[in-house]
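Asks: The following file, data_8.cif, comprises mmCIF, C-alpha atoms:
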data_data
loop_
_atom_site.label_atom_id
_atom_site.label_comp_id
_atom_site.auth_asym_id
_atom_site.auth_seq_id
_atom_site.Cartn_x
_atom_site.Cartn_y
_atom_site.Cartn_z
CA MET A 1 -19.72 -1.25 39.04
CA LYS A 2 -19.09 -2.86 35.64
CA THR A 3 -16.11 -5.19 35.50
CA VAL A 4 -13.31 -4.87 32.93
CA SER A 5 -11.21 -7.67 31.50
CA VAL A 6 -7.97 -6.66 29.78
CA VAL A 7 -6.72 -8.95 27.03
CA MET A 8 -3.08 -8.83 25.97
CA CYS A 9 -1.47 -11.06 23.36
CA THR A 10 2.30 -11.44 23.64
CA TYR A 11 5.06 -12.59 21.36
CA ASN A 12 8.71 -11.88 22.17
CA GLY A 13 7.69 -8.71 23.96
CA ALA A 14 10.06 -8.80 26.92
CA LYS A 15 11.78 -5.52 26.06
CA TYR A 16 8.74 -3.31 26.73
CA LEU A 17 6.37 -5.62 28.59
CA ARG A 18 7.04 -4.44 32.16
CA GLU A 19 6.22 -0.82 31.34
CA GLN A 20 2.88 -1.79 29.82
CA LEU A 21 1.98 -4.15 32.65
CA ASP A 22 2.71 -1.40 35.17
CA SER A 23 0.48 1.04 33.29
CA ILE A 24 -2.42 -1.44 33.26
CA ILE A 25 -2.03 -2.27 36.95
CA SER A 26 -1.99 1.47 37.77
CA GLN A 27 -5.32 2.27 36.11
CA THR A 28 -7.69 4.49 38.10
CA TYR A 29 -10.51 2.08 37.22
CA PRO A 30 -10.02 -1.35 38.85
CA ILE A 31 -9.05 -4.18 36.50
CA TYR A 32 -11.10 -7.31 37.10
CA GLU A 33 -8.75 -9.62 35.23
CA LEU A 34 -5.75 -9.35 32.93
CA ILE A 35 -5.65 -12.21 30.44
CA ILE A 36 -2.28 -12.68 28.76
CA GLN A 37 -2.01 -15.21 25.96
CA ASP A 38 1.50 -15.89 24.70
CA ASP A 39 2.06 -17.04 21.13
CA CYS A 40 5.18 -19.21 21.62
CA SER A 41 7.67 -16.53 22.67
CA THR A 42 11.35 -17.48 22.73
CA ASP A 43 12.53 -14.59 24.95
CA ASP A 44 11.77 -13.79 28.62
CA THR A 45 8.15 -12.74 28.01
CA VAL A 46 6.59 -15.68 29.88
CA ALA A 47 9.04 -15.40 32.77
CA ILE A 48 8.15 -11.72 33.22
CA VAL A 49 4.42 -12.49 33.21
CA LYS A 50 4.91 -15.24 35.81
CA GLU A 51 6.85 -12.79 37.97
CA TYR A 52 3.90 -10.38 37.89
CA MET A 53 1.43 -13.21 38.54
CA GLU A 54 3.08 -13.83 41.91
CA LYS A 55 2.21 -10.26 42.93
CA TYR A 56 -1.18 -9.82 41.25
CA SER A 57 -3.76 -12.58 41.45
CA PHE A 58 -5.96 -11.11 38.70
CA ILE A 59 -3.32 -11.88 36.04
CA LYS A 60 -4.00 -15.07 34.08
CA LEU A 61 -1.50 -16.59 31.65
CA TYR A 62 -2.24 -18.88 28.73
CA ILE A 63 0.50 -20.27 26.49
CA ASN A 64 -0.37 -21.47 22.99
CA GLU A 65 0.82 -24.93 21.99
CA HIS A 66 1.61 -23.61 18.51
CA ASN A 67 1.82 -20.17 16.94
CA LEU A 68 -1.62 -18.75 16.07
CA GLY A 69 -0.64 -15.37 14.64
CA PHE A 70 -1.95 -12.09 16.01
CA ASN A 71 -5.49 -12.31 14.53
CA LEU A 72 -6.37 -15.75 15.89
CA ASN A 73 -4.46 -15.17 19.09
CA PHE A 74 -6.52 -12.09 19.94
CA LYS A 75 -9.75 -13.87 19.09
CA SER A 76 -8.88 -16.89 21.23
CA ALA A 77 -7.81 -14.71 24.16
CA CYS A 78 -10.90 -12.47 24.01
CA MET A 79 -13.16 -15.52 24.20
CA LYS A 80 -11.66 -16.30 27.64
CA ALA A 81 -12.70 -12.95 29.19
CA THR A 82 -15.41 -12.91 31.86
CA GLY A 83 -15.75 -9.18 32.64
CA ASP A 84 -18.61 -6.96 31.47
CA TYR A 85 -16.21 -5.11 29.15
CA VAL A 86 -13.12 -6.31 27.31
CA ALA A 87 -10.20 -3.93 26.70
CA ILE A 88 -7.57 -4.92 24.16
CA SER A 89 -3.92 -4.22 24.91
CA ASP A 90 -0.76 -4.35 22.83
CA GLN A 91 2.30 -5.67 24.64
CA ASP A 92 4.48 -2.62 23.94
CA ASP A 93 2.15 0.35 24.55
CA VAL A 94 1.79 2.45 27.68
CA TRP A 95 -1.71 3.26 28.95
CA PHE A 96 -2.40 6.62 30.54
CA PRO A 97 -3.81 6.26 34.09
CA ALA A 98 -7.46 7.11 33.34
CA LYS A 99 -7.77 5.19 30.06
CA ILE A 100 -10.25 2.57 31.23
CA GLU A 101 -12.13 4.99 33.48
CA LYS A 102 -12.82 7.40 30.63
CA GLN A 103 -13.83 4.65 28.22
CA VAL A 104 -16.24 3.03 30.69
CA GLU A 105 -17.81 6.47 31.16
CA SER A 106 -18.18 6.95 27.40
CA ILE A 107 -19.16 3.59 25.92
CA GLY A 108 -22.88 3.73 26.79
CA ASN A 109 -24.80 1.20 24.70
CA CYS A 110 -22.25 1.21 21.87
CA ASN A 111 -20.44 -1.99 20.99
CA ILE A 112 -17.00 -0.35 21.06
CA CYS A 113 -15.38 2.69 22.62
CA CYS A 114 -12.11 3.74 21.00
CA SER A 115 -9.95 6.81 21.58
CA SER A 116 -7.28 9.05 20.17
CA PHE A 117 -3.73 8.03 21.06
CA THR A 118 -0.17 9.32 20.89
CA ARG A 119 2.36 7.68 18.61
CA GLY A 120 6.13 8.00 18.51
CA GLU A 121 9.44 6.40 19.37
CA THR A 122 9.45 8.07 22.80
CA ILE A 123 6.57 9.25 24.93
CA SER A 124 7.99 12.79 25.02
CA ASP A 125 8.05 13.26 21.23
CA ALA A 126 4.88 11.27 20.47
CA GLU A 127 2.23 13.06 18.41
CA VAL A 128 -1.52 12.73 18.80
CA THR A 129 -3.21 10.45 16.27
CA SER A 130 -6.92 11.13 15.91
CA GLN A 131 -9.22 10.34 13.01
CA ASP A 132 -12.96 10.76 12.64
CA VAL A 133 -14.76 7.45 12.88
CA ASN A 134 -17.62 6.80 10.48
CA PHE A 135 -18.86 3.85 8.47
CA GLU A 136 -18.00 5.40 5.09
CA ARG A 137 -14.33 5.87 6.04
CA LEU A 138 -14.20 2.32 7.39
CA LEU A 139 -14.86 1.05 3.86
CA PHE A 140 -11.40 2.25 2.82
CA PHE A 141 -9.31 2.52 5.99
CA ASN A 142 -9.44 1.41 9.59
CA PRO A 143 -9.33 4.44 11.93
CA VAL A 144 -10.31 2.25 14.93
CA SER A 145 -7.10 0.71 16.26
CA GLY A 146 -7.42 -2.46 18.31
CA HIS A 147 -5.10 -1.16 21.04
CA THR A 148 -7.62 1.62 21.78
CA MET A 149 -10.69 -0.62 22.01
CA LEU A 150 -12.98 -1.21 24.95
CA CYS A 151 -15.78 -3.57 23.87
CA GLN A 152 -18.97 -4.98 25.29
CA ARG A 153 -18.15 -8.61 26.13
CA CYS A 154 -21.36 -9.89 24.51
CA PHE A 155 -20.25 -8.17 21.29
CA ILE A 156 -16.61 -9.23 21.18
CA GLN A 157 -17.44 -12.84 22.08
CA ASP A 158 -19.97 -13.15 19.26
CA GLU A 159 -18.18 -15.31 16.68
CA SER A 160 -20.03 -13.63 13.82
CA ASN A 161 -18.25 -10.34 14.54
CA TRP A 162 -14.85 -11.83 13.68
CA ILE A 163 -14.41 -11.89 9.91
CA LYS A 164 -11.43 -14.21 9.85
CA SER A 165 -9.93 -13.03 6.57
CA ILE A 166 -9.25 -9.40 7.63
CA TRP A 167 -7.50 -7.53 10.46
CA TYR A 168 -9.39 -8.32 13.66
CA ASP A 169 -9.83 -4.66 14.66
CA TRP A 170 -11.18 -3.70 11.22
CA SER A 171 -13.65 -6.59 11.43
CA LEU A 172 -14.87 -5.55 14.88
CA ALA A 173 -15.19 -1.91 13.80
CA LEU A 174 -17.22 -2.84 10.69
CA GLN A 175 -19.51 -5.11 12.67
CA ALA A 176 -20.02 -2.49 15.37
CA SER A 177 -20.97 0.02 12.66
CA LEU A 178 -23.64 -2.42 11.48
CA LYS A 179 -24.99 -2.83 15.02
CA ASN A 180 -24.89 -0.45 18.02
CA GLY A 181 -22.06 1.73 16.81
CA ILE A 182 -18.73 3.07 18.04
CA ALA A 183 -18.16 5.72 20.71
CA LYS A 184 -14.93 7.68 20.83
CA VAL A 185 -12.96 9.55 23.48
CA GLU A 186 -11.20 12.36 21.62
CA GLN A 187 -8.55 12.67 24.34
CA PRO A 188 -5.47 10.46 23.74
CA LEU A 189 -5.50 7.61 26.26
CA ASN A 190 -2.36 5.64 25.45
CA TRP A 191 1.09 5.90 23.94
CA HIS A 192 1.46 3.60 20.93
CA ARG A 193 5.17 2.96 20.75
CA ARG A 194 6.91 3.14 17.37
CA HIS A 195 9.74 0.66 16.90
CA LEU A 196 11.05 -1.63 14.17
CA ASN A 197 9.34 -4.79 15.45
CA GLU A 198 5.83 -3.44 16.10
CA ALA A 199 3.03 -5.46 14.51
CA SER A 200 1.37 -2.46 12.86
CA ARG A 201 4.46 -1.85 10.72
CA LEU A 202 3.53 -5.00 8.82
CA GLU A 203 1.17 -2.77 6.89
CA ASN A 204 4.20 -1.01 5.36
CA HIS A 205 2.51 2.31 4.65
CA GLN A 206 4.61 4.48 2.39
CA LYS A 207 4.31 8.09 1.33
CA MET A 208 2.63 8.34 -2.05
CA LEU A 209 4.11 10.62 -4.69
CA LYS A 210 1.62 13.30 -5.73
CA TYR A 211 1.62 12.38 -9.41
CA GLN A 212 1.14 8.62 -8.97
CA PRO A 213 -2.69 8.45 -8.82
CA TYR A 214 -3.08 10.44 -12.04
CA ILE A 215 -0.61 8.29 -14.01
CA MET A 216 -0.97 4.85 -12.44
CA GLY A 217 -4.30 5.13 -10.63
CA LEU A 218 -6.59 3.43 -13.13
CA LYS A 219 -4.19 0.51 -13.61
CA LYS A 220 -3.76 0.10 -9.84
CA TYR A 221 -7.52 0.29 -9.27
CA ARG A 222 -8.16 -2.44 -11.87
CA GLU A 223 -5.52 -4.60 -10.20
CA LEU A 224 -7.12 -4.03 -6.82
CA GLN A 225 -10.49 -5.12 -8.17
CA LYS A 226 -9.03 -8.57 -8.85
CA ASN A 227 -8.36 -9.07 -5.14
CA GLY A 228 -10.76 -11.83 -4.06
CA ASN A 229 -10.76 -10.86 -0.39
CA ARG A 230 -11.68 -7.28 -1.30
CA ARG A 231 -14.66 -8.57 -3.28
CA PHE A 232 -15.66 -10.86 -0.40
CA ILE A 233 -15.61 -7.98 2.10
CA TYR A 234 -17.60 -5.54 -0.02
CA THR A 235 -20.09 -8.27 -0.98
CA TYR A 236 -20.57 -9.05 2.71
CA LEU A 237 -21.11 -5.37 3.52
CA TYR A 238 -23.40 -4.85 0.53
CA ASN A 239 -25.61 -7.72 1.71
CA HIS A 240 -25.74 -6.34 5.27
CA THR A 241 -26.47 -2.69 4.49
CA LYS A 242 -29.85 -2.89 2.81
CA ASP A 243 -31.49 -1.00 5.67
CA GLU A 244 -32.20 2.64 4.77
CA ARG A 245 -29.91 3.96 7.55
CA PHE A 246 -26.97 2.47 5.63
CA HIS A 247 -28.03 3.89 2.27
CA LEU A 248 -24.74 5.67 1.52
CA VAL A 249 -22.55 2.73 2.57
CA HIS A 250 -24.74 0.40 0.50
CA GLN A 251 -24.33 2.70 -2.49
CA PHE A 252 -20.56 2.76 -2.06
CA CYS A 253 -20.35 -1.04 -1.84
CA LYS A 254 -22.48 -1.49 -4.93
CA LEU A 255 -20.17 0.71 -7.01
CA LEU A 256 -17.00 -0.78 -5.48
CA LEU A 257 -18.14 -4.21 -6.67
CA LYS A 258 -18.91 -3.17 -10.26
CA GLU A 259 -16.13 -3.34 -12.85
CA ASP A 260 -17.43 -1.22 -15.73
CA PHE A 261 -15.99 2.23 -16.42
CA PHE A 262 -19.35 4.00 -15.97
CA SER A 263 -19.61 2.65 -12.41
CA LEU A 264 -16.08 3.85 -11.66
CA ILE A 265 -17.04 7.36 -12.77
CA ASN A 266 -20.11 7.21 -10.51
CA LEU A 267 -17.91 6.00 -7.65
CA CYS A 268 -15.54 8.94 -8.22
CA LEU A 269 -18.49 11.35 -8.18
CA LEU A 270 -19.82 9.78 -4.98
CA CYS A 271 -16.39 10.09 -3.36
CA GLN A 272 -16.14 13.71 -4.47
CA LYS A 273 -19.53 14.50 -2.96
CA ASN A 274 -18.68 12.77 0.33
CA ARG A 275 -14.96 13.57 0.42
CA ASP A 276 -15.03 15.00 3.95
CA ALA A 277 -16.46 11.73 5.25
CA ILE A 278 -13.86 9.44 3.68
CA TYR A 279 -10.67 11.51 3.68
CA PHE A 280 -8.47 11.69 6.79
CA TYR A 281 -7.90 15.39 6.20
CA LYS A 282 -10.31 18.17 5.30
CA THR A 283 -10.39 18.82 1.56
CA LYS A 284 -10.94 22.43 0.52
CA GLY A 285 -11.12 24.40 -2.71
CA ILE A 286 -10.54 23.13 -6.22
CA MET A 287 -7.79 20.72 -5.13
CA GLY A 288 -10.17 19.27 -2.57
CA TRP A 289 -12.72 18.70 -5.33
CA ILE A 290 -10.10 17.07 -7.57
CA ARG A 291 -8.67 14.87 -4.82
CA GLY A 292 -12.17 13.86 -3.79
CA PHE A 293 -13.04 12.81 -7.34
CA PHE A 294 -9.84 10.80 -7.78
CA PHE A 295 -10.05 9.25 -4.31
CA PRO A 296 -10.57 5.65 -5.59
CA LEU A 297 -7.36 5.98 -7.62
CA PHE A 298 -5.49 7.58 -4.69
CA HIS A 299 -6.62 4.72 -2.47
CA ALA A 300 -5.52 2.10 -5.01
CA CYS A 301 -2.02 3.64 -5.17
CA THR A 302 -1.52 3.55 -1.41
CA PRO A 303 0.40 0.42 -0.33
CA THR A 304 -1.69 -1.40 2.28
CA GLN A 305 -2.43 -4.87 3.59
CA LEU A 306 -6.05 -3.96 4.22
CA TYR A 307 -7.34 -6.59 1.77
CA ASN A 308 -4.78 -9.29 2.49
CA ASP A 309 -6.36 -12.56 3.51
CA PHE A 310 -5.34 -13.44 7.08
CA SER A 311 -7.47 -16.57 7.31
#
Could you express the structure from this file as structure tokens?

Replies:
Amino acid sequence: MKTVSVVMCTYNGAKYLREQLDSIISQTYPIYELIIQDDCSTDDTVAIVKEYMEKYSFIKLYINEHNLGFNLNFKSACMKATGDYVAISDQDDVWFPAKIEKQVESIGNCNICCSSFTRGETISDAEVTSQDVNFERLLFFNPVSGHTMLCQRCFIQDESNWIKSIWYDWSLALQASLKNGIAKVEQPLNWHRRHLNEASRLENHQKMLKYQPYIMGLKKYRELQKNGNRRFIYTYLYNHTKDERFHLVHQFCKLLLKEDFFSLINLCLLCQKNRDAIYFYKTKGIMGWIRGFFFPLFHACTPTQLYNDFS
């Protein structure tokens, strides 16, 4: 039987931590080790972990000497895992009992197995979040959330798979797409709790007004092109997608890096042609055609920290 290490990074998570620890301990697939790395919490987080350590010998606690931030903290913690697979856990989620069992069954030779999940303020009103996972969509969004990941240890402990300037889960998903790929369990396997202090709310997604892309889109797109981290990421991907199996991704990256108006038109046409691959929702009819064509401008008008430099 393959062994599974669970990695959880904590920071002032005492309010919800017990519920998540209980859900991990209660998994139908045995947990080989639970590595918890605390990033200088000032609440009762560490005390709660120590309480659980007295009952469960497979729990290991590491306390950072100084605050690393979530990206570096997850990387550092994952490097300590010794199981065949490494599952990443948020401190405030709740795992469904068969989460690890179903992911171990599904991962095969892929680098990562992710899953759908439920999201809401309470588990009873949580709605299923599920997005198609493909390389083209990963160029613009990250539909592979870290809290759903089960990874091959040899993959997640390869330093080259951690692009330090971007969200750690986006980096791992991009690198897996370049290598052995990503498997997905369509069934939701955890409840991702919505609350004011959750890390994912740092992205500050806001609803976009329908008219914005048509009025402000070109200006926003030109501003986005000046983002140095965006250029770094697409240059990296362009240089690593020269193999024929990545032809479409390579084509996208080439146009995303060019700054002339003719290349933008070609990018819009490419997005229109492949709109079902890159959009979260199915695009139908004439409005689907129009939205597909203007996708680069829609994307530029959507507030996101995707290209922020976290290094």

Asks: Leaving out Phe96 in chain A and any residue of its chain fewer than 5 positions from it, which residues lie within 10 Å of it when counting only C-alpha atoms, given as a list in words?

Replies: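 Result of the neighbour search: Gln20, Ser23, Ile24, Ser26, Gln27, Thr28, Phe117, Pro188, Leu189, Asn190 and Trp191 of chain A.
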
Asks: Can you pull out the residues contacting Val94 in chain A? Cut-off 12 Å, using only C-alpha atoms, and skip same-chain residues under 3 positions away; I want them as a ChimeraX atom specification.

Replies: /A:16-27,89-91,97-99,117-123,126,147-148,188-194

Asks: Extract, using all atoms listed in the file, all DNA, RNA and protein residues at most 12 Å from Arg275 in chain A, discarding same-chain residues fewer than 5 positions from it, and format them as an MDAnalysis selection string.

Replies: chainID A and resid 136:137 267:270 280:285 287:296

Asks: Translate the PyMOL selection byres ((chain A and resi 87) around 6) into a concrete residue list for this structure, as a short mmCIF file (atom, residue, chain, number, x, y, z; two decimals) with C-alpha atoms, in the frame of the given file.

Replies:
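The file below, part.cif, is the result:
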data_model
loop_
_atom_site.label_atom_id
_atom_site.label_comp_id
_atom_site.auth_asym_id
_atom_site.auth_seq_id
_atom_site.Cartn_x
_atom_site.Cartn_y
_atom_site.Cartn_z
CA VAL A 6 -7.97 -6.66 29.78
CA VAL A 86 -13.12 -6.31 27.31
CA ILE A 88 -7.57 -4.92 24.16
CA MET A 149 -10.69 -0.62 22.01
CA LEU A 150 -12.98 -1.21 24.95
#

Asks: Go ahead and compute the interatomic distance for CA of Leu255 in chain A and CA of Tyr234 in chain A, in Å to one decimal.

Replies: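 Distance reported for this atom pair: 9.7 Å.
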
Asks: Can you pull out the residues contacting Cys154 in chain A? Cut-off 10 Å, using all atoms listed in the file, and skip same-chain residues under 6 positions away; I want them as a PDB file with C-alpha atoms, in the coordinates of the input.

Replies:
ATOM      1  CA  MET A  79     -13.160 -15.520  24.200  1.00  0.00           C
ATOM      2  CA  THR A  82     -15.410 -12.910  31.860  1.00  0.00           C
ATOM      3  CA  GLY A  83     -15.750  -9.180  32.640  1.00  0.00           C
ATOM      4  CA  ASP A  84     -18.610  -6.960  31.470  1.00  0.00           C
ATOM      5  CA  TYR A  85     -16.210  -5.110  29.150  1.00  0.00           C
ATOM      6  CA  VAL A  86     -13.120  -6.310  27.310  1.00  0.00           C
ATOM      7  CA  ASN A 111     -20.440  -1.990  20.990  1.00  0.00           C
TER       8      ASN A 111
END

Asks: List the spatial neighbours of Met53 in chain A as a VMD selection string - criterion: any atom at most 12 Å away, all atoms listed in the file, same-chain residues fewer than 5 positions off excluded.

Replies: chain A and resid 21 25 33 to 36 46 to 48 58 to 62

Asks: Spell out the residues picked by the PyMOL selection byres ((chain A and resi 218-227) around 10) here, as a list of chain:residue names.

Replies: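 So the PyMOL selection byres ((chain A and resi 218-227) around 10), applied here, picks out A:Gln212, A:Pro213, A:Tyr214, A:Ile215, A:Met216, A:Gly217, A:Gly228, A:Asn229, A:Arg230, A:Arg231, A:Phe232, A:Leu256, A:Leu257, A:Lys258, A:Glu259, A:Leu264, A:Phe294, A:Pro296, A:Leu297, A:Phe298, A:His299, A:Ala300, A:Cys301, A:Thr302, A:Tyr307, A:Asn308, A:Asp309.
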
Asks: May I have the selected residues written with C-alpha atoms, as a short mmCIF file (atom, residue, chain, number, x, y, z; two decimals), in the frame of the given file?

Replies:
data_model
loop_
_atom_site.label_atom_id
_atom_site.label_comp_id
_atom_site.auth_asym_id
_atom_site.auth_seq_id
_atom_site.Cartn_x
_atom_site.Cartn_y
_atom_site.Cartn_z
CA GLN A 212 1.14 8.62 -8.97
CA PRO A 213 -2.69 8.45 -8.82
CA TYR A 214 -3.08 10.44 -12.04
CA ILE A 215 -0.61 8.29 -14.01
CA MET A 216 -0.97 4.85 -12.44
CA GLY A 217 -4.30 5.13 -10.63
CA GLY A 228 -10.76 -11.83 -4.06
CA ASN A 229 -10.76 -10.86 -0.39
CA ARG A 230 -11.68 -7.28 -1.30
CA ARG A 231 -14.66 -8.57 -3.28
CA PHE A 232 -15.66 -10.86 -0.40
CA LEU A 256 -17.00 -0.78 -5.48
CA LEU A 257 -18.14 -4.21 -6.67
CA LYS A 258 -18.91 -3.17 -10.26
CA GLU A 259 -16.13 -3.34 -12.85
CA LEU A 264 -16.08 3.85 -11.66
CA PHE A 294 -9.84 10.80 -7.78
CA PRO A 296 -10.57 5.65 -5.59
CA LEU A 297 -7.36 5.98 -7.62
CA PHE A 298 -5.49 7.58 -4.69
CA HIS A 299 -6.62 4.72 -2.47
CA ALA A 300 -5.52 2.10 -5.01
CA CYS A 301 -2.02 3.64 -5.17
CA THR A 302 -1.52 3.55 -1.41
CA TYR A 307 -7.34 -6.59 1.77
CA ASN A 308 -4.78 -9.29 2.49
CA ASP A 309 -6.36 -12.56 3.51
#

Asks: When the PyMOL selection byres ((chain A and resi 69) around 12) is applied to the structure above, which residues does it catch, written out as a ChimeraX atom specification?

Replies: /A:9-11,37-41,64,66-68,70-77,164,167-168,199,310-311

Asks: Considering all atoms listed in the file, can you say which of A:Asn274, A:Gln152, A:Gln131, A:Ser171 comes closest to Lys2 in chain A?

Replies: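 Going through A:Asn274, A:Gln152, A:Gln131, A:Ser171 one by one, the smallest distance to Lys2 in chain A is for A:Gln152.
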
Asks: Measure the distance from CA of Trp170 in chain A to CA of Leu138 in chain A in Å and round it to one decimal.

Replies: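 About the pair CA of Trp170 in chain A and CA of Leu138 in chain A: they are 7.7 Å apart.
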